[in-house]
>>> print(open('entry26.cif').read())   # mmCIF, C-alpha atoms
data_coords
#
loop_
_atom_site.label_atom_id
_atom_site.label_comp_id
_atom_site.auth_asym_id
_atom_site.auth_seq_id
_atom_site.Cartn_x
_atom_site.Cartn_y
_atom_site.Cartn_z
CA MET A 5 -145.66 -119.55 103.91
CA GLY A 6 -146.92 -121.61 100.98
CA ASP A 7 -149.73 -120.81 98.57
CA LEU A 8 -152.06 -123.36 100.22
CA THR A 9 -152.87 -124.14 103.84
CA THR A 10 -152.70 -127.76 105.00
CA LEU A 11 -156.50 -127.98 105.14
CA GLN A 12 -156.88 -126.55 101.63
CA THR A 13 -154.25 -128.98 100.36
CA ILE A 14 -156.03 -131.99 101.88
CA LEU A 15 -159.49 -130.96 100.66
CA ILE A 16 -158.34 -130.44 97.07
CA ALA A 17 -156.42 -133.74 97.15
CA ILE A 18 -159.49 -135.61 98.45
CA VAL A 19 -161.55 -134.19 95.59
CA GLU A 20 -158.84 -135.23 93.12
CA GLY A 21 -158.64 -138.77 94.49
CA LEU A 22 -162.43 -139.17 94.45
CA THR A 23 -162.99 -137.80 90.96
CA GLU A 24 -159.89 -138.64 88.89
CA PHE A 25 -161.26 -141.98 87.72
CA LEU A 26 -164.95 -141.11 87.82
CA PRO A 27 -166.50 -139.61 84.65
CA VAL A 28 -167.24 -136.30 86.38
CA SER A 29 -164.08 -134.25 85.68
CA SER A 30 -161.51 -134.11 88.47
CA THR A 31 -160.02 -130.88 87.10
CA GLY A 32 -163.45 -129.27 86.98
CA HIS A 33 -164.22 -130.24 90.57
CA MET A 34 -160.86 -128.98 91.81
CA ILE A 35 -161.47 -125.63 90.09
CA ILE A 36 -164.89 -125.39 91.75
CA VAL A 37 -163.50 -126.32 95.18
CA GLN A 38 -160.62 -123.89 94.71
CA ASN A 39 -163.12 -121.13 94.13
CA MET A 40 -165.34 -122.12 97.07
CA LEU A 41 -162.31 -122.02 99.36
CA GLY A 42 -161.29 -118.61 98.02
CA ILE A 43 -157.89 -119.83 96.81
CA GLN A 44 -156.06 -117.47 94.48
CA SER A 45 -155.09 -119.01 91.12
CA THR A 46 -151.32 -118.58 91.42
CA ASP A 47 -148.75 -120.33 89.21
CA PHE A 48 -148.21 -122.91 91.93
CA VAL A 49 -151.92 -123.59 92.51
CA LYS A 50 -152.41 -124.16 88.76
CA ALA A 51 -149.49 -126.59 88.77
CA PHE A 52 -150.63 -128.23 92.03
CA THR A 53 -154.01 -129.32 90.61
CA VAL A 54 -152.15 -131.16 87.84
CA ILE A 55 -149.20 -132.52 89.84
CA ILE A 56 -151.33 -134.24 92.51
CA GLN A 57 -153.01 -136.23 89.76
CA PHE A 58 -149.73 -138.18 89.71
CA GLY A 59 -150.49 -139.44 93.21
CA ALA A 60 -153.90 -140.62 92.07
CA ILE A 61 -152.57 -142.53 89.07
CA LEU A 62 -150.04 -144.37 91.21
CA SER A 63 -153.03 -146.14 92.72
CA VAL A 64 -153.61 -147.76 89.32
CA VAL A 65 -150.08 -149.15 89.31
CA VAL A 66 -150.56 -150.54 92.83
CA LEU A 67 -154.00 -152.08 92.21
CA TYR A 68 -153.14 -153.51 88.79
CA TRP A 69 -149.40 -154.07 89.20
CA LYS A 70 -149.50 -157.69 88.00
CA ARG A 71 -151.14 -156.67 84.73
CA PHE A 72 -149.25 -153.39 84.42
CA PHE A 73 -145.81 -155.02 84.57
CA LYS A 74 -146.60 -158.25 82.75
CA LEU A 75 -144.87 -159.03 79.45
CA ASN A 76 -146.34 -161.35 76.83
CA LYS A 77 -144.70 -164.69 76.17
CA CYS A 78 -144.92 -166.52 72.87
CA LYS A 79 -143.02 -169.80 72.46
CA ILE A 80 -143.33 -169.67 68.67
CA LEU A 81 -141.63 -166.28 68.44
CA ASP A 82 -139.19 -166.92 71.31
CA ASN A 83 -138.02 -170.21 69.83
CA GLN A 84 -137.87 -168.98 66.27
CA ALA A 85 -134.26 -169.49 65.17
CA VAL A 86 -132.35 -166.46 64.00
CA SER A 87 -128.89 -167.93 63.57
CA GLY A 88 -127.95 -168.35 59.94
CA LYS A 89 -130.66 -165.98 58.76
CA PRO A 90 -129.66 -162.91 56.73
CA PHE A 91 -129.50 -159.63 58.65
CA PRO A 92 -132.87 -158.21 57.45
CA SER A 93 -134.68 -161.40 58.46
CA ARG A 94 -133.07 -161.39 61.91
CA VAL A 95 -134.20 -157.78 62.41
CA VAL A 96 -137.78 -158.74 61.49
CA VAL A 97 -137.80 -161.62 64.00
CA TYR A 98 -136.38 -159.47 66.80
CA PHE A 99 -138.87 -156.70 66.01
CA LYS A 100 -141.81 -159.12 66.12
CA ARG A 101 -140.58 -160.44 69.47
CA PHE A 102 -140.27 -156.91 70.83
CA LEU A 103 -143.73 -155.82 69.69
CA TYR A 104 -145.35 -158.96 71.07
CA LYS A 105 -143.58 -158.89 74.44
CA PHE A 106 -144.27 -155.19 74.96
CA ASP A 107 -147.66 -155.16 73.22
CA PHE A 108 -149.44 -153.65 76.25
CA TYR A 109 -147.01 -150.73 76.48
CA TRP A 110 -146.99 -150.24 72.72
CA LYS A 111 -150.78 -149.84 72.68
CA LEU A 112 -150.57 -147.43 75.64
CA LEU A 113 -147.98 -145.37 73.75
CA ILE A 114 -150.19 -145.20 70.66
CA ALA A 115 -153.17 -144.06 72.76
CA PHE A 116 -151.02 -141.54 74.65
CA VAL A 117 -149.44 -139.75 71.68
CA PRO A 118 -152.48 -137.72 70.45
CA ALA A 119 -153.03 -136.09 73.86
CA ALA A 120 -149.31 -135.43 74.25
CA ILE A 121 -149.18 -133.58 70.92
CA PHE A 122 -152.45 -131.74 71.52
CA GLY A 123 -151.49 -130.75 75.06
CA PHE A 124 -148.10 -129.43 73.98
CA LEU A 125 -149.51 -127.38 71.10
CA PHE A 126 -152.40 -125.86 73.04
CA SER A 127 -150.96 -125.67 76.56
CA ASN A 128 -151.55 -121.93 76.99
CA LYS A 129 -155.15 -122.11 75.74
CA ILE A 130 -155.87 -125.01 78.08
CA ASP A 131 -154.48 -123.01 81.02
CA GLU A 132 -156.82 -120.14 80.11
CA MET A 133 -159.86 -122.42 80.09
CA LEU A 134 -158.81 -123.90 83.45
CA GLU A 135 -159.63 -120.56 85.05
CA SER A 136 -163.22 -120.49 83.77
CA VAL A 137 -165.87 -121.95 86.06
CA THR A 138 -168.44 -121.21 83.34
CA VAL A 139 -166.64 -123.53 80.89
CA VAL A 140 -166.41 -126.25 83.55
CA ALA A 141 -170.09 -126.02 84.47
CA SER A 142 -171.22 -125.99 80.83
CA MET A 143 -169.15 -129.07 80.01
CA LEU A 144 -170.44 -130.85 83.11
CA VAL A 145 -174.03 -130.35 81.92
CA ILE A 146 -173.36 -131.21 78.27
CA GLY A 147 -171.34 -134.28 79.24
CA GLY A 148 -174.00 -135.28 81.77
CA ILE A 149 -176.76 -135.20 79.16
CA PHE A 150 -174.62 -137.36 76.89
CA MET A 151 -173.96 -139.85 79.69
CA LEU A 152 -177.68 -140.44 80.15
CA PHE A 153 -177.71 -142.14 76.76
CA VAL A 154 -174.15 -143.51 76.44
CA ASP A 155 -175.11 -147.03 77.60
CA LYS A 156 -177.75 -147.25 74.86
CA ILE A 157 -175.61 -145.65 72.17
CA PHE A 158 -172.66 -147.99 72.74
CA ASN A 159 -174.46 -151.19 73.77
CA LYS A 160 -172.72 -153.56 71.36
CA VAL A 161 -169.75 -155.45 72.79
CA ASP A 162 -167.28 -157.42 70.70
CA GLU A 163 -163.89 -158.05 72.27
CA SER A 164 -162.96 -160.99 70.08
CA THR A 165 -160.16 -159.04 68.36
CA GLY A 166 -158.80 -157.58 71.60
CA LEU A 167 -157.19 -154.16 71.75
CA THR A 168 -155.76 -153.38 68.32
CA GLU A 169 -153.49 -150.49 67.40
CA LYS A 170 -156.38 -148.79 65.60
CA LYS A 171 -158.60 -149.04 68.67
CA ALA A 172 -155.83 -147.66 70.88
CA LEU A 173 -155.35 -144.70 68.55
CA ASN A 174 -159.09 -143.97 68.47
CA ILE A 175 -159.24 -143.99 72.28
CA GLY A 176 -156.27 -141.63 72.31
CA LEU A 177 -158.12 -139.25 70.00
CA PHE A 178 -161.14 -139.32 72.30
CA GLN A 179 -158.84 -138.42 75.19
CA CYS A 180 -157.96 -135.13 73.46
CA ILE A 181 -161.54 -133.95 74.02
CA ALA A 182 -160.83 -134.02 77.75
CA MET A 183 -158.40 -131.12 77.36
CA ILE A 184 -161.54 -128.97 77.77
CA PRO A 185 -162.05 -128.56 81.55
CA GLY A 186 -165.24 -130.24 82.72
CA VAL A 187 -165.31 -132.93 80.03
CA SER A 188 -163.47 -135.55 82.13
CA ARG A 189 -160.53 -137.56 80.86
CA SER A 190 -162.07 -140.68 82.34
CA MET A 191 -165.37 -140.14 80.54
CA ALA A 192 -163.72 -139.37 77.21
CA THR A 193 -161.47 -142.45 77.22
CA ILE A 194 -164.14 -144.82 78.53
CA VAL A 195 -166.58 -143.66 75.87
CA GLY A 196 -163.76 -144.00 73.35
CA GLY A 197 -163.29 -147.60 74.44
CA MET A 198 -167.01 -148.37 74.32
CA ALA A 199 -167.09 -146.87 70.83
CA GLN A 200 -164.60 -149.61 69.91
CA ARG A 201 -167.11 -152.18 71.24
CA MET A 202 -165.29 -152.76 74.53
CA SER A 203 -167.30 -153.69 77.60
CA ARG A 204 -167.77 -151.00 80.25
CA LYS A 205 -165.31 -152.75 82.57
CA THR A 206 -162.62 -153.25 79.90
CA ALA A 207 -162.95 -149.68 78.68
CA ALA A 208 -162.74 -148.33 82.25
CA GLU A 209 -159.64 -150.38 83.06
CA PHE A 210 -157.85 -149.27 79.90
CA SER A 211 -158.79 -145.70 80.80
CA PHE A 212 -157.06 -146.22 84.15
CA PHE A 213 -153.94 -147.60 82.47
CA LEU A 214 -153.85 -144.77 79.96
CA ALA A 215 -153.98 -142.27 82.83
CA VAL A 216 -150.51 -143.38 83.97
CA PRO A 217 -148.42 -142.10 81.02
CA THR A 218 -150.82 -139.20 80.40
CA MET A 219 -150.75 -137.83 83.93
CA PHE A 220 -147.05 -138.60 84.36
CA ALA A 221 -146.28 -136.51 81.27
CA ALA A 222 -148.63 -133.72 82.41
CA THR A 223 -146.99 -133.68 85.86
CA ALA A 224 -143.47 -133.60 84.41
CA TYR A 225 -144.41 -130.81 82.00
CA LYS A 226 -146.04 -128.69 84.72
CA LEU A 227 -143.03 -129.14 87.00
CA TYR A 228 -140.71 -128.17 84.16
CA LYS A 229 -142.72 -125.04 83.33
CA LEU A 230 -142.85 -124.02 86.99
CA PHE A 231 -139.14 -124.73 87.43
CA MET A 232 -138.31 -122.50 84.46
CA GLU A 233 -140.15 -119.53 85.95
CA PRO A 234 -137.84 -116.78 87.28
CA ASN A 235 -138.72 -117.70 90.88
CA GLY A 236 -139.71 -121.30 90.15
CA ILE A 237 -137.21 -122.95 92.50
CA GLU A 238 -138.31 -120.69 95.33
CA ILE A 239 -142.00 -121.46 94.66
CA LEU A 240 -141.35 -125.20 94.72
CA SER A 241 -139.24 -125.04 97.89
CA GLN A 242 -141.96 -123.07 99.68
CA ASN A 243 -144.67 -125.55 98.67
CA VAL A 244 -142.89 -128.91 98.72
CA GLY A 245 -144.92 -129.95 101.78
CA ALA A 246 -148.20 -129.27 99.97
CA LEU A 247 -147.07 -131.39 97.01
CA ILE A 248 -146.15 -134.33 99.24
CA ILE A 249 -149.37 -134.16 101.27
CA GLY A 250 -151.49 -133.66 98.16
CA ASN A 251 -150.04 -136.65 96.34
CA VAL A 252 -150.27 -138.97 99.35
CA VAL A 253 -153.90 -138.05 100.09
CA ALA A 254 -154.90 -138.31 96.41
CA PHE A 255 -153.22 -141.74 96.22
CA ILE A 256 -155.06 -143.16 99.24
CA VAL A 257 -158.48 -141.79 98.25
CA ALA A 258 -158.08 -142.92 94.62
CA LEU A 259 -157.43 -146.51 95.76
CA LEU A 260 -160.91 -146.60 97.26
CA ALA A 261 -162.55 -144.71 94.40
CA ILE A 262 -161.28 -147.10 91.71
CA LYS A 263 -162.68 -150.16 93.48
CA PHE A 264 -166.05 -148.47 93.91
CA PHE A 265 -166.23 -147.24 90.33
CA ILE A 266 -165.44 -150.57 88.64
CA SER A 267 -168.08 -152.35 90.73
CA PHE A 268 -170.71 -149.64 90.25
CA VAL A 269 -170.30 -149.02 86.53
CA THR A 270 -170.23 -152.75 85.74
CA LYS A 271 -173.61 -153.21 87.46
CA TYR A 272 -175.42 -149.93 86.80
CA GLY A 273 -173.74 -148.10 83.91
CA PHE A 274 -173.21 -144.35 83.65
CA LYS A 275 -176.67 -142.81 84.02
CA ALA A 276 -176.18 -141.89 87.70
CA PHE A 277 -173.00 -139.99 86.85
CA GLY A 278 -174.91 -138.19 84.11
CA TYR A 279 -177.54 -136.94 86.57
CA TYR A 280 -174.83 -135.89 89.01
CA ARG A 281 -173.00 -133.87 86.35
CA ILE A 282 -176.22 -132.13 85.26
CA ILE A 283 -177.18 -131.21 88.83
CA VAL A 284 -173.75 -129.86 89.80
CA GLY A 285 -173.18 -128.02 86.53
CA GLY A 286 -176.74 -126.68 86.50
CA ILE A 287 -176.49 -125.27 90.03
CA ILE A 288 -173.25 -123.48 89.16
CA LEU A 289 -174.67 -122.01 85.95
CA VAL A 290 -177.76 -120.77 87.80
CA MET A 291 -175.57 -119.12 90.43
CA ILE A 292 -173.55 -117.40 87.71
CA LEU A 293 -176.73 -116.20 85.98
CA LEU A 294 -177.96 -114.81 89.31
CA GLY A 295 -174.88 -112.64 89.51
CA HIS A 296 -172.60 -114.64 91.80
CA ASN A 297 -168.95 -114.24 90.86
CA LEU A 298 -167.60 -117.79 90.81
CA GLU A 299 -164.66 -117.23 88.50
CA VAL A 300 -161.25 -118.16 89.84
CA VAL A 301 -159.09 -115.08 90.42
#
>>> encode(input="entry26.cif", output="structure tokens")
Amino acid sequence: MGDLTTLQTILIAIVEGLTEFLPVSSTGHMIIVQNMLGIQSTDFVKAFTVIIQFGAILSVVVLYWKRFFKLNKCKILDNQAVSGKPFPSRVVVYFKRFLYKFDFYWKLLIAFVPAAIFGFLFSNKIDEMLESVTVVASMLVIGGIFMLFVDKIFNKVDESTGLTEKKALNIGLFQCIAMIPGVSRSMATIVGGMAQRMSRKTAAEFSFFLAVPTMFAATAYKLYKLFMEPNGIEILSQNVGALIIGNVVAFIVALLAIKFFISFVTKYGFKAFGYYRIIVGGIILVMILLGHNLEVV
């Protein structure tokens, strides 16, 4: 018998697929749903809420596959002769070609590195915060208040220079804020993009792309940590069905959520998501203040 029933698996995966790319914190919502369903916070359940995010991010690859796997072409660099040039000069030409052809992936790598370092260094602390509904609710409210004004704060758009390495790094630094449950990785990276004078749509799409290496690394790391547990192989074998179902459901639901979000945020901005975060977080905080035990056990 696994740690999750089929119904619990599907419900958590639906929540993940709906919220992964919305600025409302998918991790926070999964923690809340986990508590509402009375699910014990076992090692597998903690890993499950991270691993099924991989299914959601695969939807980005499917929806944007032409852009995700496209390499740049530059006739000037491709036709630049290297024969007869001294070795150092040939290296420079080849390096320029490489950076230009793989520019998209290079920028993704730059944006990914800060979160990778931060997540590795503070993994245990992050796991502790993942168990706190109070932290999630507080961050939902604080983030929601901020989102009421984000469209006015970052209302200047200038994409004439495109995505530079500096902009990618700054977005990556913003993503580190999302290590706090309830902040929302999507919100942090989109705001980071808008702070670099990207349009809402461009910032949201880059946030989707950045989710691919980020969530892939998080999934791989969680699987590794679980595998290294004394009974890790047994835990995985008992719950392999839940992992498959969870990833498939999250993938399908996320396909629909991405299309909705891009259309909605382009037309209306983020204020509606701000109100939603405040209402949900506020209700949870009131319940906690009234004595209801909502902490995950």
>>> resolve_selection(input="entry26.cif", expression="the PyMOL selection byres ((chain A and resi 34) around 9)", output="count of residues only")
15
>>> residues_around(input="entry26.cif", residues="Arg189 of chain A", least_positions_apart="2", cutoff="9 Å", atoms="all atoms listed in the file", output="number ranges by chain")
A: 24-30, 178-183, 186-187, 191-194, 211, 215
>>> atom_distance(input="entry26.cif", atom1="atom CA of Leu112 of chain A", atom2="atom CA of Met198 of chain A")
16.5 Å
>>> atom_distance(input="entry26.cif", atom1="atom CA of Asn159 of chain A", atom2="atom CA of Phe274 of chain A")
12.1 Å
>>> resolve_selection(input="entry26.cif", expression="the PyMOL selection byres ((chain A and resi 57) around 12)", output="ChimeraX atom specification")
/A:16-25,29-31,34,51-56,58-64,189,215-224,226,247-248,250-258
>>> closest_residue(input="entry26.cif", among="A:Asp47, A:Leu67, A:Ser190, A:Leu11", to="Leu260 of chain A", atoms="only C-alpha atoms")
A:Leu67
>>> atom_distance(input="entry26.cif", atom1="atom CA of Ile237 of chain A", atom2="atom CA of Gln44 of chain A")
19.7 Å
>>> closest_residue(input="entry26.cif", among="A:Gly42, A:Gly285, A:Gly245, A:Gly278", to="Phe150 of chain A", atoms="only C-alpha atoms")
A:Gly278
>>> closest_residue(input="entry26.cif", among="A:Met40, A:Lys275, A:Gln12, A:Gly148", to="His296 of chain A", atoms="all atoms listed in the file")
A:Met40
>>> axis_aligned_box(input="entry26.cif", around="segment 278-293 of chain A", padding_each_side="6 Å", output="lines of an AutoDock Vina configuration file")
center_x = -175.4
center_y = -127.2
center_z = 87.3
size_x = 16.8
size_y = 34.0
size_z = 18.3
>>> resolve_selection(input="entry26.cif", expression="the PyMOL selection byres ((chain A and resi 149) around 10)", output="short mmCIF file (atom, residue, chain, number, x, y, z; two decimals) with C-alpha atoms, keeping the file's coordinate frame")
data_model
loop_
_atom_site.label_atom_id
_atom_site.label_comp_id
_atom_site.auth_asym_id
_atom_site.auth_seq_id
_atom_site.Cartn_x
_atom_site.Cartn_y
_atom_site.Cartn_z
CA MET A 143 -169.15 -129.07 80.01
CA LEU A 144 -170.44 -130.85 83.11
CA VAL A 145 -174.03 -130.35 81.92
CA ILE A 146 -173.36 -131.21 78.27
CA GLY A 147 -171.34 -134.28 79.24
CA GLY A 148 -174.00 -135.28 81.77
CA PHE A 150 -174.62 -137.36 76.89
CA MET A 151 -173.96 -139.85 79.69
CA LEU A 152 -177.68 -140.44 80.15
CA PHE A 153 -177.71 -142.14 76.76
CA VAL A 154 -174.15 -143.51 76.44
CA LYS A 275 -176.67 -142.81 84.02
CA PHE A 277 -173.00 -139.99 86.85
CA GLY A 278 -174.91 -138.19 84.11
CA TYR A 279 -177.54 -136.94 86.57
CA ARG A 281 -173.00 -133.87 86.35
CA ILE A 282 -176.22 -132.13 85.26
#
>>> closest_residue(input="entry26.cif", among="A:Ile283, A:Ile184, A:Leu167, A:Ile288", to="Asp107 of chain A", atoms="all atoms listed in the file")
A:Leu167
>>> residues_around(input="entry26.cif", residues="Val269 of chain A", least_positions_apart="6", cutoff="9 Å", atoms="only C-alpha atoms", output="PyMOL selection string")
chain A and resi 204-205+208
>>> closest_residue(input="entry26.cif", among="A:Leu293, A:Leu134, A:Ala246, A:Pro185", to="Leu15 of chain A", atoms="only C-alpha atoms")
A:Ala246
>>> residues_around(input="entry26.cif", residues="Leu173 of chain A", least_positions_apart="6", cutoff="8 Å", atoms="only C-alpha atoms", output="ChimeraX atom specification")
/A:114-115,118
>>> build_atoms(input="entry26.cif", residues="segment 171-193 of chain A", atoms="N, CA and C atoms", output="PDB file, in the coordinates of the input")
ATOM      1  N   LYS A 171    -157.738-149.349  67.543  1.00  0.00           N
ATOM      2  CA  LYS A 171    -158.600-149.040  68.670  1.00  0.00           C
ATOM      3  C   LYS A 171    -157.881-148.157  69.674  1.00  0.00           C
ATOM      4  N   ALA A 172    -156.617-148.460  69.943  1.00  0.00           N
ATOM      5  CA  ALA A 172    -155.830-147.660  70.880  1.00  0.00           C
ATOM      6  C   ALA A 172    -155.711-146.224  70.401  1.00  0.00           C
ATOM      7  N   LEU A 173    -155.472-146.050  69.108  1.00  0.00           N
ATOM      8  CA  LEU A 173    -155.350-144.700  68.550  1.00  0.00           C
ATOM      9  C   LEU A 173    -156.674-143.945  68.667  1.00  0.00           C
ATOM     10  N   ASN A 174    -157.772-144.620  68.379  1.00  0.00           N
ATOM     11  CA  ASN A 174    -159.090-143.970  68.470  1.00  0.00           C
ATOM     12  C   ASN A 174    -159.388-143.527  69.906  1.00  0.00           C
ATOM     13  N   ILE A 175    -159.049-144.358  70.877  1.00  0.00           N
ATOM     14  CA  ILE A 175    -159.240-143.990  72.280  1.00  0.00           C
ATOM     15  C   ILE A 175    -158.377-142.777  72.619  1.00  0.00           C
ATOM     16  N   GLY A 176    -157.154-142.762  72.090  1.00  0.00           N
ATOM     17  CA  GLY A 176    -156.270-141.630  72.310  1.00  0.00           C
ATOM     18  C   GLY A 176    -156.825-140.332  71.735  1.00  0.00           C
ATOM     19  N   LEU A 177    -157.492-140.433  70.596  1.00  0.00           N
ATOM     20  CA  LEU A 177    -158.120-139.250  70.000  1.00  0.00           C
ATOM     21  C   LEU A 177    -159.287-138.762  70.851  1.00  0.00           C
ATOM     22  N   PHE A 178    -160.054-139.698  71.394  1.00  0.00           N
ATOM     23  CA  PHE A 178    -161.140-139.320  72.300  1.00  0.00           C
ATOM     24  C   PHE A 178    -160.587-138.594  73.527  1.00  0.00           C
ATOM     25  N   GLN A 179    -159.422-139.022  74.003  1.00  0.00           N
ATOM     26  CA  GLN A 179    -158.840-138.420  75.190  1.00  0.00           C
ATOM     27  C   GLN A 179    -158.538-136.936  74.987  1.00  0.00           C
ATOM     28  N   CYS A 180    -158.262-136.536  73.752  1.00  0.00           N
ATOM     29  CA  CYS A 180    -157.960-135.130  73.460  1.00  0.00           C
ATOM     30  C   CYS A 180    -159.138-134.215  73.801  1.00  0.00           C
ATOM     31  N   ILE A 181    -160.361-134.747  73.708  1.00  0.00           N
ATOM     32  CA  ILE A 181    -161.540-133.950  74.020  1.00  0.00           C
ATOM     33  C   ILE A 181    -161.506-133.495  75.474  1.00  0.00           C
ATOM     34  N   ALA A 182    -160.867-134.320  76.326  1.00  0.00           N
ATOM     35  CA  ALA A 182    -160.830-134.020  77.750  1.00  0.00           C
ATOM     36  C   ALA A 182    -159.905-132.865  78.096  1.00  0.00           C
ATOM     37  N   MET A 183    -159.207-132.302  77.106  1.00  0.00           N
ATOM     38  CA  MET A 183    -158.400-131.120  77.360  1.00  0.00           C
ATOM     39  C   MET A 183    -159.302-129.936  77.751  1.00  0.00           C
ATOM     40  N   ILE A 184    -160.578-129.997  77.382  1.00  0.00           N
ATOM     41  CA  ILE A 184    -161.540-128.970  77.770  1.00  0.00           C
ATOM     42  C   ILE A 184    -161.959-129.245  79.210  1.00  0.00           C
ATOM     43  N   PRO A 185    -161.693-128.331  80.149  1.00  0.00           N
ATOM     44  CA  PRO A 185    -162.050-128.560  81.550  1.00  0.00           C
ATOM     45  C   PRO A 185    -163.536-128.842  81.717  1.00  0.00           C
ATOM     46  N   GLY A 186    -163.842-129.884  82.478  1.00  0.00           N
ATOM     47  CA  GLY A 186    -165.240-130.240  82.720  1.00  0.00           C
ATOM     48  C   GLY A 186    -165.695-131.428  81.888  1.00  0.00           C
ATOM     49  N   VAL A 187    -164.928-131.781  80.864  1.00  0.00           N
ATOM     50  CA  VAL A 187    -165.310-132.930  80.030  1.00  0.00           C
ATOM     51  C   VAL A 187    -165.072-134.229  80.777  1.00  0.00           C
ATOM     52  N   SER A 188    -163.909-134.370  81.403  1.00  0.00           N
ATOM     53  CA  SER A 188    -163.470-135.550  82.130  1.00  0.00           C
ATOM     54  C   SER A 188    -162.666-136.487  81.235  1.00  0.00           C
ATOM     55  N   ARG A 189    -161.404-136.652  81.594  1.00  0.00           N
ATOM     56  CA  ARG A 189    -160.530-137.560  80.860  1.00  0.00           C
ATOM     57  C   ARG A 189    -161.054-138.983  80.946  1.00  0.00           C
ATOM     58  N   SER A 190    -161.527-139.345  82.136  1.00  0.00           N
ATOM     59  CA  SER A 190    -162.070-140.680  82.340  1.00  0.00           C
ATOM     60  C   SER A 190    -163.268-140.931  81.430  1.00  0.00           C
ATOM     61  N   MET A 191    -164.189-139.978  81.376  1.00  0.00           N
ATOM     62  CA  MET A 191    -165.370-140.140  80.540  1.00  0.00           C
ATOM     63  C   MET A 191    -164.992-140.259  79.069  1.00  0.00           C
ATOM     64  N   ALA A 192    -164.094-139.380  78.616  1.00  0.00           N
ATOM     65  CA  ALA A 192    -163.720-139.370  77.210  1.00  0.00           C
ATOM     66  C   ALA A 192    -163.077-140.689  76.789  1.00  0.00           C
ATOM     67  N   THR A 193    -162.178-141.216  77.601  1.00  0.00           N
ATOM     68  CA  THR A 193    -161.470-142.450  77.220  1.00  0.00           C
ATOM     69  C   THR A 193    -162.356-143.683  77.374  1.00  0.00           C
TER      70      THR A 193
END
